[in-house]
$ cat protein-v8.txt   # compact mmCIF, C-alpha atoms
# COMPACT_ATOMS: atom_id res chain seq x y z
CA MET A 1 23.75 -28.92 -20.44
CA GLU A 2 20.04 -29.00 -21.20
CA PRO A 3 17.71 -27.80 -18.46
CA ASN A 4 15.69 -30.36 -16.58
CA ASN A 5 12.17 -29.32 -17.55
CA GLU A 6 10.57 -31.69 -15.07
CA THR A 7 12.58 -30.20 -12.23
CA GLU A 8 11.77 -26.63 -13.27
CA ALA A 9 8.10 -27.45 -13.60
CA ALA A 10 8.07 -29.06 -10.18
CA VAL A 11 9.71 -26.01 -8.63
CA GLY A 12 7.36 -23.64 -10.44
CA THR A 13 4.31 -25.45 -9.20
CA GLN A 14 5.52 -26.22 -5.70
CA PRO A 15 2.55 -25.89 -3.33
CA VAL A 16 2.52 -23.58 -0.35
CA ALA A 17 3.64 -25.32 2.84
CA GLN A 18 0.76 -26.55 4.97
CA LYS A 19 0.11 -24.51 8.10
CA SER A 20 -2.12 -25.08 11.08
CA ILE A 21 -5.15 -22.85 11.48
CA TRP A 22 -3.48 -21.33 14.54
CA SER A 23 -0.43 -20.36 12.46
CA ILE A 24 -2.73 -18.90 9.83
CA MET A 25 -4.65 -16.85 12.41
CA ALA A 26 -1.41 -15.52 13.87
CA GLY A 27 -0.02 -14.82 10.39
CA ILE A 28 -2.96 -12.54 9.59
CA PHE A 29 -1.28 -9.89 11.74
CA TYR A 30 2.26 -10.01 10.36
CA ALA A 31 2.26 -12.03 7.09
CA PRO A 32 -1.24 -11.94 5.57
CA THR A 33 -0.16 -12.90 2.05
CA GLU A 34 1.43 -16.15 3.23
CA ALA A 35 -1.39 -16.79 5.70
CA PHE A 36 -4.11 -16.51 3.05
CA ALA A 37 -2.09 -18.56 0.57
CA ALA A 38 -2.00 -21.36 3.14
CA PHE A 39 -5.65 -20.84 4.04
CA SER A 40 -6.75 -21.08 0.39
CA GLN A 41 -5.38 -24.62 0.21
CA LYS A 42 -7.72 -25.82 2.94
CA PRO A 43 -10.20 -23.09 3.94
CA GLY A 44 -11.44 -24.17 7.35
CA ILE A 45 -13.72 -21.71 9.11
CA LEU A 46 -14.74 -23.53 12.29
CA MET A 47 -11.86 -22.49 14.54
CA PRO A 48 -11.79 -18.80 13.50
CA LEU A 49 -15.56 -18.68 13.99
CA ILE A 50 -15.33 -20.21 17.48
CA VAL A 51 -12.54 -17.81 18.48
CA LEU A 52 -14.46 -14.77 17.24
CA ILE A 53 -17.68 -15.82 18.96
CA LEU A 54 -15.88 -16.40 22.26
CA VAL A 55 -13.89 -13.17 22.08
CA SER A 56 -16.95 -11.12 21.09
CA PHE A 57 -18.97 -12.68 23.93
CA ILE A 58 -16.34 -11.69 26.48
CA MET A 59 -15.54 -8.28 25.00
CA VAL A 60 -19.15 -7.15 24.51
CA GLY A 61 -20.08 -8.57 27.91
CA LEU A 62 -17.35 -6.52 29.58
CA THR A 63 -18.29 -3.33 27.73
CA THR A 64 -22.04 -3.74 28.32
CA PRO A 65 -22.06 -1.34 31.33
CA TYR A 66 -20.37 1.37 29.29
CA GLN A 67 -22.58 0.76 26.25
CA ALA A 68 -25.72 0.90 28.38
CA ARG A 69 -24.60 4.12 30.05
CA ALA A 70 -23.78 5.77 26.71
CA GLN A 71 -27.17 4.79 25.32
CA TYR A 72 -28.94 6.07 28.42
CA ASP A 73 -27.11 9.40 28.22
CA MET A 74 -28.24 9.82 24.60
CA MET A 75 -31.81 8.76 25.28
CA LYS A 76 -32.07 11.36 28.06
CA GLN A 77 -32.12 13.91 25.23
CA SER A 78 -35.30 12.34 23.81
CA THR A 79 -38.35 14.54 23.39
CA VAL A 80 -40.83 11.66 22.94
CA LEU A 81 -39.59 8.78 25.10
CA PRO A 82 -41.93 8.11 28.07
CA GLN A 83 -40.38 8.62 31.48
CA GLU A 84 -41.14 5.00 32.41
CA ALA A 85 -39.07 3.73 29.47
CA LEU A 86 -36.26 6.11 30.34
CA ASP A 87 -36.31 4.91 33.95
CA ARG A 88 -36.02 1.29 32.79
CA MET A 89 -33.04 2.22 30.64
CA GLY A 90 -31.47 3.90 33.64
CA GLU A 91 -31.97 0.76 35.72
CA ASP A 92 -30.42 -1.36 32.95
CA ALA A 93 -27.44 1.00 32.86
CA GLU A 94 -27.00 0.62 36.61
CA ASN A 95 -27.44 -3.17 36.54
CA PRO A 96 -25.99 -4.43 33.23
CA ASN A 97 -26.40 -8.10 32.28
CA PHE A 98 -23.05 -9.60 31.24
CA ILE A 99 -24.60 -12.76 29.77
CA LYS A 100 -27.27 -10.91 27.81
CA GLY A 101 -24.80 -8.38 26.43
CA GLY A 102 -22.19 -10.99 25.57
CA GLY A 103 -24.79 -13.24 23.95
CA PHE A 104 -26.01 -10.39 21.77
CA GLY A 105 -22.42 -9.65 20.72
CA ALA A 106 -21.76 -13.28 19.78
CA ILE A 107 -24.99 -13.56 17.76
CA PHE A 108 -24.27 -10.25 16.04
CA VAL A 109 -20.80 -11.40 14.97
CA LEU A 110 -22.17 -14.68 13.63
CA PHE A 111 -24.91 -13.16 11.48
CA ALA A 112 -22.96 -10.04 10.49
CA SER A 113 -20.05 -12.16 9.26
CA MET A 114 -22.37 -14.38 7.22
CA ILE A 115 -24.22 -11.47 5.62
CA SER A 116 -20.97 -9.63 4.94
CA ALA A 117 -19.49 -12.73 3.32
CA LEU A 118 -22.57 -13.11 1.12
CA VAL A 119 -22.25 -9.51 -0.09
CA VAL A 120 -18.51 -9.97 -0.69
CA TRP A 121 -19.16 -13.16 -2.64
CA PHE A 122 -21.73 -11.33 -4.79
CA VAL A 123 -19.47 -8.31 -5.43
CA GLY A 124 -16.37 -10.42 -6.11
CA SER A 125 -18.19 -12.83 -8.41
CA PHE A 126 -20.55 -10.60 -10.38
CA PHE A 127 -18.75 -7.25 -10.42
CA PHE A 128 -15.08 -8.31 -10.56
CA GLY A 129 -15.42 -11.70 -12.26
CA GLY A 130 -13.76 -13.82 -9.58
CA THR A 131 -14.57 -17.39 -8.62
CA ALA A 132 -14.59 -18.63 -5.04
CA LYS A 133 -16.57 -20.85 -2.70
CA PHE A 134 -18.73 -19.09 -0.15
CA THR A 135 -16.98 -20.84 2.75
CA ALA A 136 -13.60 -19.55 1.55
CA VAL A 137 -14.94 -16.00 1.32
CA TRP A 138 -16.53 -16.29 4.76
CA GLY A 139 -13.27 -17.63 6.15
CA VAL A 140 -11.31 -14.65 4.83
CA GLY A 141 -13.78 -12.29 6.49
CA LEU A 142 -13.55 -14.17 9.79
CA LEU A 143 -9.76 -14.10 9.76
CA ALA A 144 -9.64 -10.39 8.89
CA THR A 145 -12.11 -9.66 11.71
CA LEU A 146 -9.49 -10.90 14.18
CA ILE A 147 -7.77 -7.54 13.70
CA PRO A 148 -10.61 -5.24 14.89
CA MET A 149 -11.33 -7.78 17.62
CA ALA A 150 -7.76 -7.36 18.82
CA GLY A 151 -8.26 -3.61 18.58
CA GLY A 152 -11.34 -3.89 20.77
CA LEU A 153 -9.39 -5.78 23.40
CA LEU A 154 -6.59 -3.21 23.29
CA ARG A 155 -9.17 -0.46 23.70
CA MET A 156 -10.53 -2.00 26.91
CA PRO A 157 -7.90 -0.39 29.22
CA MET A 158 -8.80 3.01 27.73
CA VAL A 159 -12.51 2.32 28.24
CA ILE A 160 -11.94 1.39 31.88
CA ALA A 161 -9.56 4.29 32.52
CA LYS A 162 -11.93 6.89 31.04
CA ASP A 163 -15.08 5.07 32.23
CA SER A 164 -16.58 5.50 28.76
CA ILE A 165 -17.10 3.48 25.59
CA LEU A 166 -16.48 6.62 23.53
CA VAL A 167 -12.73 6.09 23.12
CA SER A 168 -11.04 5.44 19.82
CA TYR A 169 -7.82 4.49 18.06
CA GLY A 170 -8.95 6.58 15.11
CA LEU A 171 -9.75 10.17 14.20
CA ALA A 172 -12.78 10.10 16.51
CA ALA A 173 -10.26 10.61 19.32
CA PHE A 174 -9.84 14.18 18.05
CA MET A 175 -13.54 14.92 18.68
CA PRO A 176 -13.68 15.24 22.49
CA GLY A 177 -17.21 15.24 23.79
CA GLY A 178 -18.50 13.56 20.65
CA ASP A 179 -21.02 10.74 20.78
CA PHE A 180 -23.19 8.66 18.44
CA THR A 181 -25.64 11.52 17.88
CA SER A 182 -22.93 12.86 15.55
CA ILE A 183 -22.80 11.11 12.18
CA LEU A 184 -19.18 12.14 11.64
CA PHE A 185 -18.12 10.88 15.07
CA SER A 186 -19.90 7.56 14.44
CA PHE A 187 -18.17 7.09 11.09
CA LEU A 188 -14.72 7.89 12.47
CA TYR A 189 -15.40 5.70 15.52
CA TYR A 190 -16.17 2.63 13.41
CA PHE A 191 -13.58 3.40 10.73
CA ASP A 192 -10.56 3.50 13.04
CA ALA A 193 -6.99 2.34 12.50
CA PHE A 194 -7.84 -1.31 13.14
CA ALA A 195 -10.78 -1.20 10.72
CA ILE A 196 -8.53 0.21 7.98
CA TRP A 197 -5.90 -2.43 8.71
CA SER A 198 -8.56 -5.14 8.57
CA LEU A 199 -9.93 -3.75 5.29
CA ILE A 200 -6.52 -4.02 3.61
CA VAL A 201 -5.81 -7.49 4.99
CA ALA A 202 -9.26 -8.73 3.93
CA GLY A 203 -8.57 -7.35 0.45
CA ILE A 204 -5.42 -9.46 0.23
CA GLY A 205 -7.44 -12.50 1.27
CA TYR A 206 -10.25 -11.87 -1.21
CA ALA A 207 -7.72 -11.47 -4.02
CA THR A 208 -6.24 -14.84 -3.04
CA VAL A 209 -9.47 -16.86 -2.87
CA PHE A 210 -11.15 -15.18 -5.87
CA GLY A 211 -8.01 -15.39 -8.00
CA PHE A 212 -8.01 -11.77 -9.15
CA SER A 213 -5.71 -8.76 -8.60
CA ARG A 214 -4.97 -7.32 -5.19
CA GLY A 215 -6.50 -4.02 -6.32
CA LYS A 216 -9.82 -5.75 -6.99
CA GLY A 217 -9.55 -7.54 -3.66
CA ILE A 218 -9.05 -4.32 -1.70
CA ALA A 219 -11.80 -2.61 -3.74
CA THR A 220 -14.18 -5.46 -2.83
CA SER A 221 -13.21 -5.19 0.82
CA ALA A 222 -13.60 -1.39 0.82
CA ILE A 223 -17.04 -1.48 -0.83
CA VAL A 224 -18.44 -4.02 1.61
CA SER A 225 -16.80 -2.46 4.70
CA LEU A 226 -18.11 1.00 3.91
CA LEU A 227 -21.57 -0.36 3.11
CA PHE A 228 -21.60 -2.13 6.47
CA ILE A 229 -20.55 1.01 8.37
CA VAL A 230 -23.12 3.13 6.52
CA LEU A 231 -25.80 0.55 7.36
CA LEU A 232 -24.88 0.57 11.07
CA ILE A 233 -24.94 4.36 11.22
CA SER A 234 -28.20 4.55 9.25
CA LEU A 235 -29.94 2.11 11.59
CA SER A 236 -28.69 4.10 14.58
CA VAL A 237 -29.86 7.40 13.06
CA VAL A 238 -33.31 5.98 12.29
CA GLY A 239 -33.64 4.56 15.80
CA MET A 240 -32.62 7.80 17.49
CA SER A 241 -34.84 9.85 15.19
CA PHE A 242 -37.87 7.78 16.16
CA ALA A 243 -36.84 8.19 19.81
CA GLY A 244 -36.83 11.95 19.41
CA VAL A 245 -33.07 12.38 19.81
CA GLU A 246 -31.56 15.19 17.78
CA ILE A 247 -28.97 14.05 15.21
CA SER A 248 -26.22 16.24 13.79
CA PHE A 249 -23.59 15.71 11.11
CA MET A 250 -20.73 17.02 13.24
$ encode --input "protein-v8.txt" --output "structure tokens"
Amino acid sequence: MEPNNETEAAVGTQPVAQKSIWSIMAGIFYAPTEAFAAFSQKPGILMPLIVLILVSFIMVGLTTPYQARAQYDMMKQSTVLPQEALDRMGEDAENPNFIKGGGFGAIFVLFASMISALVVWFVGSFFFGGTAKFTAVWGVGLLATLIPMAGGLLRMPMVIAKDSILVSYGLAAFMPGGDFTSILFSFLYYFDAFAIWSLIVAGIGYATVFGFSRGKGIATSAIVSLLFIVLLISLSVVGMSFAGVEISFM
């Protein structure tokens, strides 16, 4: 019996089943390959963006007291900061503003995700020869960011229990007494287990939307993630240096 070429062709080109954006967001955690395959068919970014903005607003708002206290403790080591400025920081640490802190977190996520997506689009297109729309690349980044956001929420009980923001699900946990005046602690704090998980998942997504190998996707994700962490640490180091706070590698 001769094979039915039309049937085989139809099976070989069968599209991925349509999924809701909620199914795709849930699938990021347990089936990222299938989730991104479904997302690539109709890359909608509005709902993931809304979820991330809302979660970041709440999470950063809740951690504002601990962030303010950690910053105040570091700034007390300053050799150039006027006492008046230090007193104001102490007052802010004692009376944190939930709305202000949450609003800053939401704005940071919005702009950081856009800039990160732009860098990913540049790296994936010009260095690895992929082709993708910016919105699709941005959407992959937003979906992958759900993972560290979930990690932040899971870290909240530890933050409350220890009354400190300096808790980690990464190797920074093995540096007791460490803070952001240590470059190594800062790197390990940002590059925790959830960040590594997100990096790998994002790489799968970039490979899907750019149409290149998974290795290139993870390489793209790793380059941009590490650049972003280095930028955050560099800005922090520069700020503390100007404030007269001593920085160390360890």
$ residues_around --input "protein-v8.txt" --residues "segment 23-26 of chain A" --least-positions-apart "5" --cutoff "8 Å" --atoms "all atoms listed in the file" --output "PyMOL selection string"
chain A and resi 35-36+38-39+48+143+146
$ write_last_selection --input "protein-v8.txt" --atoms "C-alpha atoms" --output "mmCIF file, keeping the file's coordinate frame"
data_model
loop_
_atom_site.group_PDB
_atom_site.id
_atom_site.type_symbol
_atom_site.label_atom_id
_atom_site.label_comp_id
_atom_site.auth_asym_id
_atom_site.auth_seq_id
_atom_site.Cartn_x
_atom_site.Cartn_y
_atom_site.Cartn_z
ATOM 1 C CA ALA A 35 -1.390 -16.790 5.700
ATOM 2 C CA PHE A 36 -4.110 -16.510 3.050
ATOM 3 C CA ALA A 38 -2.000 -21.360 3.140
ATOM 4 C CA PHE A 39 -5.650 -20.840 4.040
ATOM 5 C CA PRO A 48 -11.790 -18.800 13.500
ATOM 6 C CA LEU A 143 -9.760 -14.100 9.760
ATOM 7 C CA LEU A 146 -9.490 -10.900 14.180
#
$ atom_distance --input "protein-v8.txt" --atom1 "atom CA of Met240 of chain A" --atom2 "atom CA of Phe174 of chain A"
23.7 Å
$ atom_distance --input "protein-v8.txt" --atom1 "atom CA of Gly102 of chain A" --atom2 "atom CA of Ile58 of chain A"
6.0 Å
$ residues_near_point --input "protein-v8.txt" --point "(-23.9, -7.9, 26.9)" --cutoff "12 Å" --atoms "all atoms listed in the file" --output "short mmCIF file (atom, residue, chain, number, x, y, z; two decimals) with C-alpha atoms, keeping the file's coordinate frame"
data_model
loop_
_atom_site.label_atom_id
_atom_site.label_comp_id
_atom_site.auth_asym_id
_atom_site.auth_seq_id
_atom_site.Cartn_x
_atom_site.Cartn_y
_atom_site.Cartn_z
CA SER A 56 -16.95 -11.12 21.09
CA PHE A 57 -18.97 -12.68 23.93
CA ILE A 58 -16.34 -11.69 26.48
CA MET A 59 -15.54 -8.28 25.00
CA VAL A 60 -19.15 -7.15 24.51
CA GLY A 61 -20.08 -8.57 27.91
CA LEU A 62 -17.35 -6.52 29.58
CA THR A 63 -18.29 -3.33 27.73
CA THR A 64 -22.04 -3.74 28.32
CA PRO A 65 -22.06 -1.34 31.33
CA TYR A 66 -20.37 1.37 29.29
CA GLN A 67 -22.58 0.76 26.25
CA ALA A 68 -25.72 0.90 28.38
CA ASP A 92 -30.42 -1.36 32.95
CA ALA A 93 -27.44 1.00 32.86
CA ASN A 95 -27.44 -3.17 36.54
CA PRO A 96 -25.99 -4.43 33.23
CA ASN A 97 -26.40 -8.10 32.28
CA PHE A 98 -23.05 -9.60 31.24
CA ILE A 99 -24.60 -12.76 29.77
CA LYS A 100 -27.27 -10.91 27.81
CA GLY A 101 -24.80 -8.38 26.43
CA GLY A 102 -22.19 -10.99 25.57
CA GLY A 103 -24.79 -13.24 23.95
CA PHE A 104 -26.01 -10.39 21.77
CA GLY A 105 -22.42 -9.65 20.72
CA ALA A 106 -21.76 -13.28 19.78
CA ILE A 107 -24.99 -13.56 17.76
CA PHE A 108 -24.27 -10.25 16.04
#
$ atom_distance --input "protein-v8.txt" --atom1 "atom CA of Gln41 of chain A" --atom2 "atom CA of Lys133 of chain A"
12.2 Å
$ residues_around --input "protein-v8.txt" --residues "Ser241 of chain A" --least-positions-apart "4" --cutoff "10 Å" --atoms "all atoms listed in the file" --output "list in words"
Ser78, Val80, Thr181, Leu235, Ser236, Val237, Val245, Glu246 and Ile247 of chain A
$ residues_near_point --input "protein-v8.txt" --point "(-19.1, 9.8, 13.9)" --cutoff "12 Å" --atoms "only C-alpha atoms" --output "ChimeraX atom specification"
/A:166-168,170-192,229-230,232-234,236-237,247-250
$ residues_around --input "protein-v8.txt" --residues "Thr131 of chain A" --least-positions-apart "2" --cutoff "7 Å" --atoms "all atoms listed in the file" --output "MDAnalysis selection string"
chainID A and resid 125 129 210:211
$ residues_around --input "protein-v8.txt" --residues "Ile218 of chain A" --least-positions-apart "4" --cutoff "7 Å" --atoms "all atoms listed in the file" --output "MDAnalysis selection string"
chainID A and resid 200 203:204 214 222
$ residues_around --input "protein-v8.txt" --residues "Phe134 of chain A" --least-positions-apart "6" --cutoff "8 Å" --atoms "all atoms listed in the file" --output "list in words"
Ala117, Leu118 and Trp121 of chain A
$ closest_residue --input "protein-v8.txt" --among "A:Val119, A:Leu86, A:Ala243, A:Leu153" --to "Ser221 of chain A" --atoms "all atoms listed in the file"
A:Val119
$ closest_residue --input "protein-v8.txt" --among "A:Met75, A:Ala37, A:Val109, A:Ile53" --to "Gly239 of chain A" --atoms "only C-alpha atoms"
A:Met75
$ closest_residue --input "protein-v8.txt" --among "A:Pro157, A:Ile196, A:Arg69, A:Phe29" --to "Glu91 of chain A" --atoms "all atoms listed in the file"
A:Arg69
$ closest_residue --input "protein-v8.txt" --among "A:Lys76, A:Ala132, A:Ser164, A:Ala112" --to "Ser225 of chain A" --atoms "only C-alpha atoms"
A:Ala112
